[in-house]
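Enquirer: Okay, so here is my_file17.tsv, and as you'll see once you scroll down, it has TSV, C-alpha atoms.
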chain	number	residue	atom	x	y	z
A	31	MET	CA	-9.42	-20.19	-46.55
A	32	GLN	CA	-10.26	-16.59	-45.69
A	33	GLN	CA	-8.47	-15.24	-42.61
A	34	GLU	CA	-10.30	-13.08	-40.07
A	35	THR	CA	-8.59	-9.89	-38.89
A	36	ILE	CA	-9.34	-7.16	-36.35
A	37	ASN	CA	-7.67	-3.77	-36.14
A	38	GLY	CA	-7.61	-2.74	-32.51
A	39	PHE	CA	-5.54	-2.08	-29.40
A	40	ARG	CA	-4.53	-4.26	-26.49
A	41	LEU	CA	-6.57	-4.06	-23.32
A	42	SER	CA	-4.93	-2.47	-20.31
A	43	PRO	CA	-3.96	-4.88	-17.48
A	44	GLN	CA	-7.01	-3.64	-15.54
A	45	GLN	CA	-9.32	-4.31	-18.49
A	46	GLY	CA	-7.84	-7.74	-19.16
A	47	ARG	CA	-8.43	-8.83	-15.58
A	48	LEU	CA	-11.95	-7.40	-15.53
A	49	TRP	CA	-12.85	-9.13	-18.79
A	50	LEU	CA	-12.21	-12.48	-17.09
A	51	LEU	CA	-14.01	-11.45	-13.90
A	52	GLN	CA	-17.18	-10.32	-15.62
A	53	GLN	CA	-17.84	-13.54	-17.51
A	54	ASP	CA	-20.24	-14.73	-14.79
A	55	SER	CA	-21.89	-11.40	-13.87
A	56	PRO	CA	-23.19	-8.19	-15.51
A	57	ALA	CA	-22.68	-6.29	-12.22
A	58	TYR	CA	-19.31	-4.75	-13.14
A	59	LEU	CA	-20.34	-1.25	-14.13
A	60	ALA	CA	-20.21	2.42	-13.16
A	61	GLN	CA	-23.45	4.38	-12.91
A	62	CYS	CA	-24.56	7.80	-11.76
A	63	ALA	CA	-27.77	9.77	-11.36
A	64	LEU	CA	-27.03	13.45	-11.95
A	65	LEU	CA	-29.51	15.97	-10.52
A	66	LEU	CA	-30.02	18.98	-12.81
A	67	GLU	CA	-31.80	21.96	-11.25
A	68	GLY	CA	-32.57	25.15	-13.14
A	69	ASN	CA	-33.62	26.22	-16.61
A	70	LEU	CA	-32.23	23.19	-18.43
A	71	LYS	CA	-32.29	23.03	-22.21
A	72	PRO	CA	-32.57	19.28	-22.93
A	73	GLU	CA	-31.60	19.61	-26.60
A	74	VAL	CA	-28.39	21.44	-25.61
A	75	LEU	CA	-27.66	18.78	-23.00
A	76	ARG	CA	-27.96	16.02	-25.57
A	77	GLU	CA	-25.63	17.82	-27.96
A	78	THR	CA	-23.29	18.40	-25.01
A	79	VAL	CA	-23.08	14.66	-24.35
A	80	LYS	CA	-22.28	14.00	-28.02
A	81	LYS	CA	-19.40	16.49	-27.86
A	82	VAL	CA	-18.02	14.86	-24.72
A	83	VAL	CA	-18.24	11.44	-26.42
A	84	ASN	CA	-16.28	12.83	-29.37
A	85	ARG	CA	-13.57	14.13	-26.99
A	86	HIS	CA	-13.01	10.77	-25.27
A	87	GLU	CA	-12.31	7.65	-27.31
A	88	ILE	CA	-13.11	5.35	-24.38
A	89	LEU	CA	-16.77	6.52	-24.58
A	90	ARG	CA	-16.97	5.20	-28.14
A	91	THR	CA	-14.90	2.07	-27.69
A	92	ALA	CA	-16.14	-1.41	-28.57
A	93	PHE	CA	-14.56	-4.77	-27.70
A	94	HIS	CA	-14.08	-7.26	-30.53
A	95	SER	CA	-12.60	-10.74	-30.59
A	96	LEU	CA	-12.22	-13.67	-32.93
A	97	SER	CA	-13.42	-17.14	-32.03
A	98	ALA	CA	-10.00	-18.29	-30.81
A	99	MET	CA	-9.29	-15.21	-28.68
A	100	GLN	CA	-9.79	-15.37	-24.91
A	101	ILE	CA	-9.18	-11.62	-24.48
A	102	PRO	CA	-10.64	-9.13	-27.00
A	103	VAL	CA	-9.08	-5.96	-28.37
A	104	GLN	CA	-10.53	-2.49	-27.97
A	105	VAL	CA	-11.66	-0.81	-31.17
A	106	ILE	CA	-12.30	2.93	-31.41
A	107	VAL	CA	-15.49	3.78	-33.28
A	108	ASP	CA	-15.33	7.06	-35.19
A	109	ASN	CA	-19.04	7.84	-34.95
A	110	SER	CA	-20.87	6.38	-32.00
A	111	THR	CA	-24.27	7.57	-30.81
A	112	PRO	CA	-24.92	6.69	-27.17
A	113	SER	CA	-28.20	5.09	-26.14
A	114	TRP	CA	-30.57	7.84	-24.95
A	115	ARG	CA	-34.04	7.62	-23.37
A	116	ASN	CA	-36.43	10.31	-22.17
A	117	ILE	CA	-38.90	9.58	-19.31
A	118	ASN	CA	-41.43	12.12	-18.08
A	119	LEU	CA	-42.22	11.80	-14.36
A	120	SER	CA	-43.57	15.32	-13.88
A	121	ASP	CA	-47.01	14.00	-12.91
A	122	GLY	CA	-45.67	11.91	-10.04
A	123	SER	CA	-44.57	12.63	-6.48
A	124	GLU	CA	-41.00	12.86	-5.16
A	125	GLN	CA	-41.32	9.38	-3.63
A	126	GLU	CA	-42.42	7.98	-7.00
A	127	TYR	CA	-39.47	9.38	-8.92
A	128	GLU	CA	-37.03	8.27	-6.22
A	129	ALA	CA	-38.46	4.75	-6.49
A	130	ARG	CA	-38.24	4.88	-10.31
A	131	ILE	CA	-34.62	5.99	-10.27
A	132	GLU	CA	-33.73	3.27	-7.74
A	133	ALA	CA	-35.53	0.72	-9.93
A	134	LEU	CA	-33.50	1.85	-12.93
A	135	PHE	CA	-30.29	1.47	-10.91
A	136	GLN	CA	-31.25	-2.11	-10.12
A	137	GLU	CA	-32.40	-2.79	-13.67
A	138	GLU	CA	-29.12	-1.53	-15.12
A	139	ARG	CA	-27.17	-3.68	-12.67
A	140	HIS	CA	-28.70	-6.80	-14.23
A	141	ARG	CA	-28.83	-5.61	-17.84
A	142	PRO	CA	-25.87	-6.94	-19.84
A	143	PHE	CA	-23.89	-4.71	-22.19
A	144	ASP	CA	-23.39	-5.49	-25.86
A	145	PHE	CA	-19.63	-5.06	-26.04
A	146	GLU	CA	-19.80	-4.59	-29.78
A	147	GLY	CA	-21.08	-1.09	-28.80
A	148	PRO	CA	-22.35	1.52	-28.21
A	149	LEU	CA	-21.70	1.12	-24.48
A	150	LEU	CA	-22.67	4.49	-23.00
A	151	ARG	CA	-26.32	4.49	-21.88
A	152	LEU	CA	-28.21	7.61	-20.75
A	153	CYS	CA	-31.73	8.34	-19.57
A	154	LEU	CA	-33.14	11.81	-18.88
A	155	PHE	CA	-35.94	11.96	-16.29
A	156	THR	CA	-38.10	15.09	-16.38
A	157	LEU	CA	-39.39	15.72	-12.84
A	158	SER	CA	-40.60	19.29	-13.44
A	159	ALA	CA	-39.84	22.24	-15.71
A	160	HIS	CA	-36.79	23.08	-13.58
A	161	LYS	CA	-35.77	19.68	-12.24
A	162	HIS	CA	-34.30	16.76	-14.17
A	163	VAL	CA	-32.18	13.69	-13.44
A	164	LEU	CA	-29.68	12.40	-15.99
A	165	PHE	CA	-28.89	8.71	-15.51
A	166	ILE	CA	-25.48	7.59	-16.85
A	167	SER	CA	-24.34	3.97	-17.13
A	168	LEU	CA	-21.09	2.50	-18.48
A	169	PRO	CA	-19.45	-0.92	-18.20
A	170	ALA	CA	-16.53	-1.02	-15.78
A	171	LEU	CA	-14.28	-1.84	-18.75
A	172	CYS	CA	-14.71	1.84	-19.69
A	173	ALA	CA	-15.15	3.62	-16.36
A	174	ASP	CA	-14.35	3.68	-12.65
A	175	ALA	CA	-15.57	6.00	-9.87
A	176	TRP	CA	-13.08	8.74	-10.78
A	177	THR	CA	-14.17	8.59	-14.43
A	178	ILE	CA	-17.79	9.16	-13.44
A	179	LYS	CA	-16.69	12.16	-11.36
A	180	ARG	CA	-14.72	13.63	-14.26
A	181	LEU	CA	-17.50	12.85	-16.74
A	182	VAL	CA	-20.00	14.79	-14.60
A	183	GLY	CA	-17.61	17.75	-14.43
A	184	GLU	CA	-16.98	17.71	-18.17
A	185	ILE	CA	-20.68	17.48	-19.04
A	186	SER	CA	-21.39	20.55	-16.90
A	187	GLN	CA	-18.43	22.47	-18.38
A	188	SER	CA	-19.38	21.51	-21.92
A	189	TYR	CA	-23.02	22.44	-21.30
A	190	ALA	CA	-21.97	25.91	-20.12
A	191	ALA	CA	-19.69	26.31	-23.13
A	192	GLY	CA	-22.40	25.07	-25.52
A	193	THR	CA	-24.99	27.57	-24.32
A	194	LYS	CA	-22.46	30.35	-25.02
A	195	GLY	CA	-21.40	28.96	-28.41
A	196	GLU	CA	-17.95	28.09	-27.07
A	197	SER	CA	-16.02	24.82	-26.99
A	198	LEU	CA	-13.76	23.05	-24.52
A	199	GLY	CA	-9.99	23.14	-24.85
A	200	GLU	CA	-7.58	20.52	-26.13
A	201	LYS	CA	-8.52	16.87	-25.93
A	202	PRO	CA	-7.13	15.07	-22.87
A	203	LEU	CA	-4.97	11.95	-22.89
A	204	GLN	CA	-6.82	9.05	-24.52
A	205	TYR	CA	-7.23	5.71	-22.75
A	206	ILE	CA	-5.46	3.64	-25.41
A	207	GLN	CA	-2.32	5.73	-24.81
A	208	PHE	CA	-2.48	4.80	-21.12
A	209	SER	CA	-3.22	1.18	-21.99
A	210	GLU	CA	-0.19	0.87	-24.26
A	211	TRP	CA	2.03	2.61	-21.70
A	212	GLN	CA	0.89	0.23	-18.93
A	213	ASN	CA	1.53	-2.85	-21.06
A	214	GLU	CA	4.96	-1.60	-22.11
A	215	LEU	CA	5.81	-0.68	-18.49
A	216	LEU	CA	5.11	-4.23	-17.29
A	217	GLU	CA	7.15	-5.70	-20.14
A	218	ASP	CA	10.15	-3.47	-19.50
A	219	GLU	CA	13.21	-4.79	-17.66
A	220	ASP	CA	12.79	-2.06	-15.04
A	221	ALA	CA	9.51	-3.69	-14.00
A	222	ASP	CA	11.45	-6.51	-12.29
A	223	THR	CA	12.12	-4.30	-9.26
A	224	GLY	CA	8.44	-3.46	-8.84
A	225	LYS	CA	7.30	-7.05	-9.26
A	226	ALA	CA	10.00	-8.19	-6.84
A	227	TYR	CA	8.55	-5.84	-4.23
A	228	TRP	CA	5.15	-7.51	-4.46
A	229	ARG	CA	6.66	-11.00	-4.38
A	230	SER	CA	8.55	-10.01	-1.23
A	231	GLN	CA	5.24	-9.33	0.51
A	232	ASN	CA	4.61	-13.10	0.44
A	233	LEU	CA	0.85	-12.62	0.39
A	234	SER	CA	0.19	-16.30	-0.23
A	235	ALA	CA	1.54	-17.15	3.23
A	236	LEU	CA	-1.16	-15.08	4.94
A	237	PRO	CA	-4.36	-16.90	5.89
A	238	ALA	CA	-7.59	-15.80	4.20
A	239	LEU	CA	-9.92	-13.78	6.38
A	240	THR	CA	-12.83	-15.83	7.65
A	241	LEU	CA	-15.65	-13.78	9.15
A	242	PRO	CA	-17.96	-15.23	11.83
A	243	PHE	CA	-20.87	-17.17	10.28
A	244	GLU	CA	-19.43	-16.73	6.78
A	245	ALA	CA	-20.83	-19.24	4.30
A	246	ARG	CA	-18.33	-20.91	1.97
A	247	PRO	CA	-20.27	-22.11	-1.08
A	248	GLU	CA	-18.62	-24.74	-3.21
A	249	GLY	CA	-17.76	-23.99	-6.81
A	250	LYS	CA	-18.04	-20.74	-8.71
A	251	THR	CA	-20.57	-18.16	-7.51
A	252	SER	CA	-22.11	-15.19	-9.30
A	253	PHE	CA	-21.15	-11.67	-8.22
A	254	ALA	CA	-24.36	-9.84	-7.24
A	255	PRO	CA	-23.54	-7.00	-4.81
A	256	GLU	CA	-26.07	-5.47	-2.43
A	257	ALA	CA	-25.54	-2.36	-0.28
A	258	LEU	CA	-26.51	-1.34	3.24
A	259	VAL	CA	-26.24	2.44	3.77
A	260	VAL	CA	-25.43	4.03	7.13
A	261	VAL	CA	-25.01	7.80	7.63
A	262	ILE	CA	-22.39	8.92	10.17
A	263	ASN	CA	-23.64	11.84	12.27
A	264	SER	CA	-21.86	15.19	12.33
A	265	ASP	CA	-20.49	14.79	15.89
A	266	VAL	CA	-18.65	11.61	14.93
A	267	VAL	CA	-17.36	13.25	11.74
A	268	ALA	CA	-16.01	16.16	13.81
A	269	ASN	CA	-14.17	13.69	16.08
A	270	ILE	CA	-12.70	11.93	13.03
A	271	ASP	CA	-11.48	15.26	11.62
A	272	ALA	CA	-9.82	16.08	14.96
A	273	ILE	CA	-8.00	12.73	15.13
A	274	VAL	CA	-6.88	13.00	11.51
A	275	GLU	CA	-5.44	16.48	12.12
A	276	ARG	CA	-3.77	15.41	15.39
A	277	ASP	CA	-2.12	12.35	13.85
A	278	ASN	CA	-1.26	14.07	10.55
A	279	THR	CA	-2.96	11.45	8.39
A	280	SER	CA	-5.88	11.32	5.94
A	281	ILE	CA	-9.52	10.44	6.54
A	282	ALA	CA	-9.16	7.55	4.06
A	283	THR	CA	-6.24	6.06	6.03
A	284	PHE	CA	-8.05	6.57	9.35
A	285	LEU	CA	-11.19	4.79	8.16
A	286	LEU	CA	-9.13	1.96	6.61
A	287	ALA	CA	-7.34	1.49	9.96
A	288	CYS	CA	-10.74	1.37	11.72
A	289	TRP	CA	-11.99	-1.22	9.21
A	290	GLN	CA	-8.93	-3.43	9.67
A	291	THR	CA	-9.17	-3.11	13.46
A	292	LEU	CA	-12.80	-4.21	13.34
A	293	LEU	CA	-11.86	-7.18	11.13
A	294	TRP	CA	-9.15	-8.15	13.63
A	295	ARG	CA	-11.66	-8.04	16.49
A	296	LEU	CA	-14.22	-10.09	14.54
A	297	THR	CA	-11.85	-12.75	13.24
A	298	GLY	CA	-9.15	-12.90	15.92
A	299	GLN	CA	-6.57	-13.19	13.10
A	300	SER	CA	-3.40	-11.17	13.63
A	301	GLU	CA	-2.62	-10.62	9.94
A	302	ILE	CA	-5.27	-8.55	8.20
A	303	VAL	CA	-5.11	-7.85	4.45
A	304	VAL	CA	-7.69	-5.66	2.74
A	305	GLY	CA	-7.95	-4.72	-0.94
A	306	ASP	CA	-7.84	-0.90	-1.06
A	307	ALA	CA	-9.26	0.97	-4.05
A	308	CYS	CA	-6.56	3.09	-5.71
A	309	ASP	CA	-7.66	5.51	-8.45
A	310	GLY	CA	-4.53	4.77	-10.54
A	311	ARG	CA	-4.03	8.40	-11.53
A	312	GLN	CA	-0.82	9.24	-9.70
A	313	HIS	CA	0.45	11.21	-12.72
A	314	GLU	CA	-1.09	14.64	-13.33
A	315	ILE	CA	-1.57	13.96	-17.05
A	316	LEU	CA	-4.07	11.21	-16.14
A	317	HIS	CA	-6.36	13.39	-13.99
A	318	ASP	CA	-8.66	14.47	-16.83
A	319	ALA	CA	-8.58	11.16	-18.70
A	320	LEU	CA	-11.55	8.79	-18.68
A	321	GLY	CA	-11.42	5.00	-18.48
A	322	LEU	CA	-10.64	2.13	-16.13
A	323	PHE	CA	-7.53	3.22	-14.22
A	324	ALA	CA	-8.49	2.00	-10.75
A	325	LYS	CA	-7.03	-1.11	-9.19
A	326	TRP	CA	-7.22	-2.77	-5.78
A	327	LEU	CA	-4.02	-2.98	-3.77
A	328	PRO	CA	-3.34	-5.24	-0.77
A	329	ILE	CA	-2.91	-3.28	2.47
A	330	HIS	CA	-1.45	-5.49	5.20
A	331	CYS	CA	-1.46	-4.77	8.92
A	332	HIS	CA	-0.16	-6.93	11.77
A	333	PHE	CA	-2.13	-6.79	15.04
A	334	GLU	CA	-1.18	-7.67	18.60
A	335	GLU	CA	-3.00	-7.29	21.91
A	336	GLY	CA	-1.96	-4.10	23.65
A	337	PHE	CA	-1.40	-2.05	20.49
A	338	GLN	CA	-2.44	1.59	20.73
A	339	PHE	CA	-4.67	2.74	17.87
A	340	SER	CA	-2.09	5.37	16.95
A	341	GLU	CA	0.38	2.53	16.30
A	342	ILE	CA	-2.14	0.70	14.11
A	343	LEU	CA	-2.78	3.92	12.22
A	344	SER	CA	0.94	4.39	11.66
A	345	ARG	CA	1.35	0.81	10.39
A	346	VAL	CA	-1.56	1.17	7.98
A	347	ASP	CA	-0.16	4.50	6.77
A	348	VAL	CA	3.23	2.91	5.99
A	349	SER	CA	1.69	-0.13	4.31
A	350	LYS	CA	-0.56	2.05	2.19
A	351	GLY	CA	2.31	4.37	1.24
A	352	ASN	CA	4.46	1.44	0.07
A	353	ALA	CA	1.59	-0.12	-1.87
A	354	TYR	CA	0.79	3.13	-3.66
A	355	GLU	CA	4.47	3.67	-4.50
A	356	TRP	CA	4.59	0.33	-6.34
A	357	GLN	CA	0.97	0.31	-7.56
A	358	GLU	CA	1.80	0.20	-11.27
A	359	TYR	CA	3.47	-3.20	-10.89
A	360	PHE	CA	0.73	-5.00	-9.00
A	361	VAL	CA	-0.89	-7.46	-11.40
A	362	TRP	CA	-2.70	-10.77	-11.00
A	363	ASP	CA	-0.45	-12.61	-13.44
A	364	GLY	CA	0.89	-15.44	-11.30
A	365	SER	CA	3.84	-13.43	-10.00
A	366	ILE	CA	1.60	-12.34	-7.15
A	367	VAL	CA	0.14	-15.44	-5.53
A	368	PRO	CA	-3.48	-14.69	-4.65
A	369	ILE	CA	-5.02	-14.65	-1.22
A	370	GLY	CA	-8.38	-16.30	-0.81
A	371	ASN	CA	-10.35	-19.40	-1.50
A	372	GLY	CA	-8.72	-20.58	-4.72
A	373	MET	CA	-11.47	-19.27	-7.01
A	374	GLU	CA	-10.52	-18.14	-10.49
A	375	PRO	CA	-9.86	-15.35	-11.19
A	376	PRO	CA	-8.46	-14.48	-7.75
A	377	PHE	CA	-9.58	-11.46	-5.75
A	378	PHE	CA	-9.31	-9.94	-2.28
A	379	PRO	CA	-12.29	-11.19	-0.24
A	380	VAL	CA	-12.45	-7.96	1.82
A	381	GLY	CA	-12.34	-4.51	0.22
A	382	PHE	CA	-12.27	-0.84	1.20
A	383	GLU	CA	-12.75	2.41	-0.69
A	384	PHE	CA	-13.00	6.08	0.19
A	385	GLU	CA	-14.28	8.80	-2.10
A	386	GLN	CA	-14.78	12.53	-1.73
A	387	ARG	CA	-17.95	13.32	-3.67
A	388	PRO	CA	-17.72	16.46	-5.83
A	389	LEU	CA	-19.46	19.72	-5.02
A	390	PRO	CA	-22.33	20.81	-7.31
A	391	CYS	CA	-21.26	22.53	-10.53
A	392	GLN	CA	-23.00	25.65	-11.82
A	393	ALA	CA	-23.40	25.95	-15.58
A	394	ASN	CA	-25.34	28.85	-17.07
A	395	GLY	CA	-28.19	28.78	-14.58
A	396	VAL	CA	-28.24	25.01	-14.09
A	397	SER	CA	-26.86	23.18	-11.05
A	398	PHE	CA	-25.25	19.77	-11.70
A	399	SER	CA	-24.93	17.57	-8.59
A	400	VAL	CA	-24.51	13.84	-7.98
A	401	TYR	CA	-27.79	12.42	-6.71
A	402	LYS	CA	-26.72	8.76	-6.59
A	403	GLN	CA	-23.59	6.90	-7.72
A	404	SER	CA	-22.06	3.43	-7.59
A	405	SER	CA	-19.26	1.55	-9.31
A	406	TYR	CA	-18.11	-2.06	-9.24
A	407	THR	CA	-14.71	-2.65	-10.84
A	408	GLU	CA	-13.60	-5.57	-8.65
A	409	ARG	CA	-15.10	-8.63	-7.03
A	410	PHE	CA	-15.31	-8.99	-3.24
A	411	ASN	CA	-17.16	-10.89	-0.52
A	412	ILE	CA	-17.62	-7.79	1.65
A	413	LYS	CA	-16.51	-4.19	1.17
A	414	LEU	CA	-16.68	-0.98	3.19
A	415	SER	CA	-17.34	2.01	0.92
A	416	CYS	CA	-16.98	5.44	2.54
A	417	TYR	CA	-18.21	8.59	0.79
A	418	ARG	CA	-17.87	12.14	2.04
A	419	THR	CA	-20.28	14.70	0.62
Could you write out this file's structure as structure tokens?

Expert:
Amino acid sequence: MQQETINGFRLSPQQGRLWLLQQDSPAYLAQCALLLEGNLKPEVLRETVKKVVNRHEILRTAFHSLSAMQIPVQVIVDNSTPSWRNINLSDGSEQEYEARIEALFQEERHRPFDFEGPLLRLCLFTLSAHKHVLFISLPALCADAWTIKRLVGEISQSYAAGTKGESLGEKPLQYIQFSEWQNELLEDEDADTGKAYWRSQNLSALPALTLPFEARPEGKTSFAPEALVVVINSDVVANIDAIVERDNTSIATFLLACWQTLLWRLTGQSEIVVGDACDGRQHEILHDALGLFAKWLPIHCHFEEGFQFSEILSRVDVSKGNAYEWQEYFVWDGSIVPIGNGMEPPFFPVGFEFEQRPLPCQANGVSFSVYKQSSYTERFNIKLSCYRT
């Protein structure tokens, strides 16, 4: 009997969890619409993308498994050509191209990936001779919000270098190196201290958050996120900046404390736990690497009547600091008993994330700026996403 074999690498803990999560939904992905203004050379841009793909193994990674394997392995493909489409919208109005881009966002959200590869999908919209939009889509197994940010920066840098006949510097850390390190870290004896910290939080003893009028469907449900966008006016932003400076905290911590306070008021529950998006790149060597590094950490805050907001802010700050210190050891492997409604795989019903959107990049007469972006690397019932531009 002939034996099947695969030569590949173990998934990271984040990838392994996400592989199980995504079995009932294609919505776990990272996507971006990049606005390109100026004298763009489309043929140089396409070559630029190929060079970036060659620099990062995760952009040419496929996921293979045998019939008896529940979790696949990641396989690096030497030569992988990303999917590329060109769409000319130069005859339409601004409203028409905005609607078309939004439609593509929605289409991509429901379009499954073939994990045998290639996984990177791109579409270049031509709006006019000096205005284009590059649409980028990757499965969350290969990218998180930070990865999209770095990918945009690297495309612009590589485009500038390509138009001058130059090349980028040394290749950054590859994702499989991070993946192996993470797996070895969790298997090491020193990991017992980190895992013990999370067990000491006794998360299973905390009641699940139940929002007013929340429906509790029986059985397994499909993850199909929808977003409601609200813009905060400049006066409110100025007040937030003043409070953050006065209390020596960050905008992300301030907004998380506001979110937990609102949840306390809505539910009346004194123990509020929210899954907070952590980029997972606490080491400098990881900053330029691409892949799924992000994970969601439980941030717990106890509420009582009569608390001053400054006290709540301080409690959230401490809880977040402790969680980030031990972030590498938080895994859904049974050692951390999940909060929630008993669904498999477990997840935090309420989430929060904060992201500082990058400034436009200038590359040889072309401006690269994020026009629209979204990423879903974790399941949730409701999530507050805050973006500062």

Enquirer: Can you work out which one of A:Ser209, A:Ser234, A:Thr78, A:Thr156 has the shortest atom-to-atom distance to Gly195 (chain A), counting only C-alpha atoms?

Expert: A:Thr78

Enquirer: What does the distance between CA of Gly38 (chain A) and CA of Val103 (chain A) come to in Å, to one decimal place?

Expert: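 Value for the CA of Gly38 (chain A)-CA of Val103 (chain A) distance: 5.4 Å.
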
Enquirer: For a test of reading the model, state the distance in Å between CA of Glu383 (chain A) and CA of Glu210 (chain A), rounded to one decimal.

Expert: 26.8 Å

Enquirer: Write out as a list in words each polymer residue whose atoms come within 12 Å of Leu258 (chain A), counting all atoms listed in the file; drop sequence neighbours fewer than 4 positions from it.

Expert: Ile412, Lys413, Leu414, Ser415 and Cys416 of chain A

Enquirer: Quick check, in Å to one decimal: how far apart do CA of Gln104 (chain A) and CA of His140 (chain A) lie?

Expert: 23.2 Å

Enquirer: I'd like the contact shell of His313 (chain A) - 12 Å cut-off, all atoms listed in the file, skipping same-chain residues fewer than 5 positions apart - returned as a PDB file with C-alpha atoms, in the frame of the given file.

Expert:
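New file out11.pdb:
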ATOM      1  CA  LEU A 203      -4.970  11.950 -22.890  1.00  0.00           C
ATOM      2  CA  PHE A 208      -2.480   4.800 -21.120  1.00  0.00           C
ATOM      3  CA  ASP A 318      -8.660  14.470 -16.830  1.00  0.00           C
ATOM      4  CA  ALA A 319      -8.580  11.160 -18.700  1.00  0.00           C
ATOM      5  CA  PHE A 323      -7.530   3.220 -14.220  1.00  0.00           C
ATOM      6  CA  GLU A 355       4.470   3.670  -4.500  1.00  0.00           C
ATOM      7  CA  GLU A 358       1.800   0.200 -11.270  1.00  0.00           C
TER       8      GLU A 358
END

Enquirer: Ranking A:Gln207, A:Gln125, A:Gln61, A:Asn118 by minimum distance to Phe39 (chain A) and counting all atoms listed in the file, which one comes first?

Expert: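 Comparing A:Gln207, A:Gln125, A:Gln61, A:Asn118 against Phe39 (chain A), the winner is A:Gln207.
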
Enquirer: Measuring atom to atom with all atoms listed in the file, identify which of A:Phe135, A:Phe337, A:Phe360, A:Tyr354 is nearest to Thr223 (chain A).

Expert: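 Result for the nearest residue to Thr223 (chain A): A:Phe360.
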
Enquirer: Which residues are near Ala60 (chain A)? Cut-off 9 Å, only C-alpha atoms, ignore same chain within fewer than 4 positions. Put them as a list in words.

Expert: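 Counting only C-alpha atoms, the residues come to Ile166, Ser167, Leu168, Pro169, Ala170, Cys172, Ala173, Asp174, Ala175, Thr177, Ile178, Gln403, Ser404, Ser405, Tyr406 and Thr407 of chain A.
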
Enquirer: Keeping C-alpha atoms for every residue in the selection just given, could you write it to a file as a PDB file, in the coordinates of the input?

Expert:
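Heads up, here's the output in selection_33.pdb:
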ATOM      1  CA  ILE A 166     -25.480   7.590 -16.850  1.00  0.00           C
ATOM      2  CA  SER A 167     -24.340   3.970 -17.130  1.00  0.00           C
ATOM      3  CA  LEU A 168     -21.090   2.500 -18.480  1.00  0.00           C
ATOM      4  CA  PRO A 169     -19.450  -0.920 -18.200  1.00  0.00           C
ATOM      5  CA  ALA A 170     -16.530  -1.020 -15.780  1.00  0.00           C
ATOM      6  CA  CYS A 172     -14.710   1.840 -19.690  1.00  0.00           C
ATOM      7  CA  ALA A 173     -15.150   3.620 -16.360  1.00  0.00           C
ATOM      8  CA  ASP A 174     -14.350   3.680 -12.650  1.00  0.00           C
ATOM      9  CA  ALA A 175     -15.570   6.000  -9.870  1.00  0.00           C
ATOM     10  CA  THR A 177     -14.170   8.590 -14.430  1.00  0.00           C
ATOM     11  CA  ILE A 178     -17.790   9.160 -13.440  1.00  0.00           C
ATOM     12  CA  GLN A 403     -23.590   6.900  -7.720  1.00  0.00           C
ATOM     13  CA  SER A 404     -22.060   3.430  -7.590  1.00  0.00           C
ATOM     14  CA  SER A 405     -19.260   1.550  -9.310  1.00  0.00           C
ATOM     15  CA  TYR A 406     -18.110  -2.060  -9.240  1.00  0.00           C
ATOM     16  CA  THR A 407     -14.710  -2.650 -10.840  1.00  0.00           C
TER      17      THR A 407
END

Enquirer: Extract, using all atoms listed in the file, all DNA, RNA and protein residues at most 9 Å from Tyr189 (chain A), discarding same-chain residues fewer than 4 positions from it, and format them as a PDB file with C-alpha atoms, keeping the file's coordinate frame.

Expert:
ATOM      1  CA  VAL A  74     -28.390  21.440 -25.610  1.00  0.00           C
ATOM      2  CA  LEU A  75     -27.660  18.780 -23.000  1.00  0.00           C
ATOM      3  CA  GLU A  77     -25.630  17.820 -27.960  1.00  0.00           C
ATOM      4  CA  THR A  78     -23.290  18.400 -25.010  1.00  0.00           C
ATOM      5  CA  VAL A  79     -23.080  14.660 -24.350  1.00  0.00           C
ATOM      6  CA  GLU A 184     -16.980  17.710 -18.170  1.00  0.00           C
ATOM      7  CA  ILE A 185     -20.680  17.480 -19.040  1.00  0.00           C
ATOM      8  CA  THR A 193     -24.990  27.570 -24.320  1.00  0.00           C
ATOM      9  CA  LYS A 194     -22.460  30.350 -25.020  1.00  0.00           C
ATOM     10  CA  ALA A 393     -23.400  25.950 -15.580  1.00  0.00           C
ATOM     11  CA  ASN A 394     -25.340  28.850 -17.070  1.00  0.00           C
TER      12      ASN A 394
END

Enquirer: Neighbouring residues of Ala307 (chain A) were defined as those with any atom within 8 Å, considering only C-alpha atoms; residues of the same chain fewer than 3 positions away were excluded. Please report them as a PDB file with C-alpha atoms, keeping the file's coordinate frame.

Expert:
ATOM      1  CA  ALA A 324      -8.490   2.000 -10.750  1.00  0.00           C
ATOM      2  CA  LYS A 325      -7.030  -1.110  -9.190  1.00  0.00           C
ATOM      3  CA  TRP A 326      -7.220  -2.770  -5.780  1.00  0.00           C
ATOM      4  CA  LEU A 327      -4.020  -2.980  -3.770  1.00  0.00           C
ATOM      5  CA  GLY A 381     -12.340  -4.510   0.220  1.00  0.00           C
ATOM      6  CA  PHE A 382     -12.270  -0.840   1.200  1.00  0.00           C
ATOM      7  CA  GLU A 383     -12.750   2.410  -0.690  1.00  0.00           C
ATOM      8  CA  PHE A 384     -13.000   6.080   0.190  1.00  0.00           C
TER       9      PHE A 384
END

Enquirer: Could you check which of A:Leu70, A:Cys308, A:Cys391, A:Leu216 is closest to Lys161 (chain A), using all atoms listed in the file?

Expert: A:Leu70

Enquirer: Using only C-alpha atoms for the distances, tell me which of A:Arg246, A:Lys80, A:Arg418, A:Arg40 is nearest to Gln212 (chain A).

Expert: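 Result for the nearest residue to Gln212 (chain A): A:Arg40.
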
Enquirer: Box for region 390-395 of chain A - axis-aligned, 3 Å on each of the six sides, all listed atoms - centre and size in Å to one decimal, as lines of an AutoDock Vina configuration file.

Expert:
center_x = -24.7
center_y = 24.8
center_z = -12.2
size_x = 12.9
size_y = 14.0
size_z = 15.8
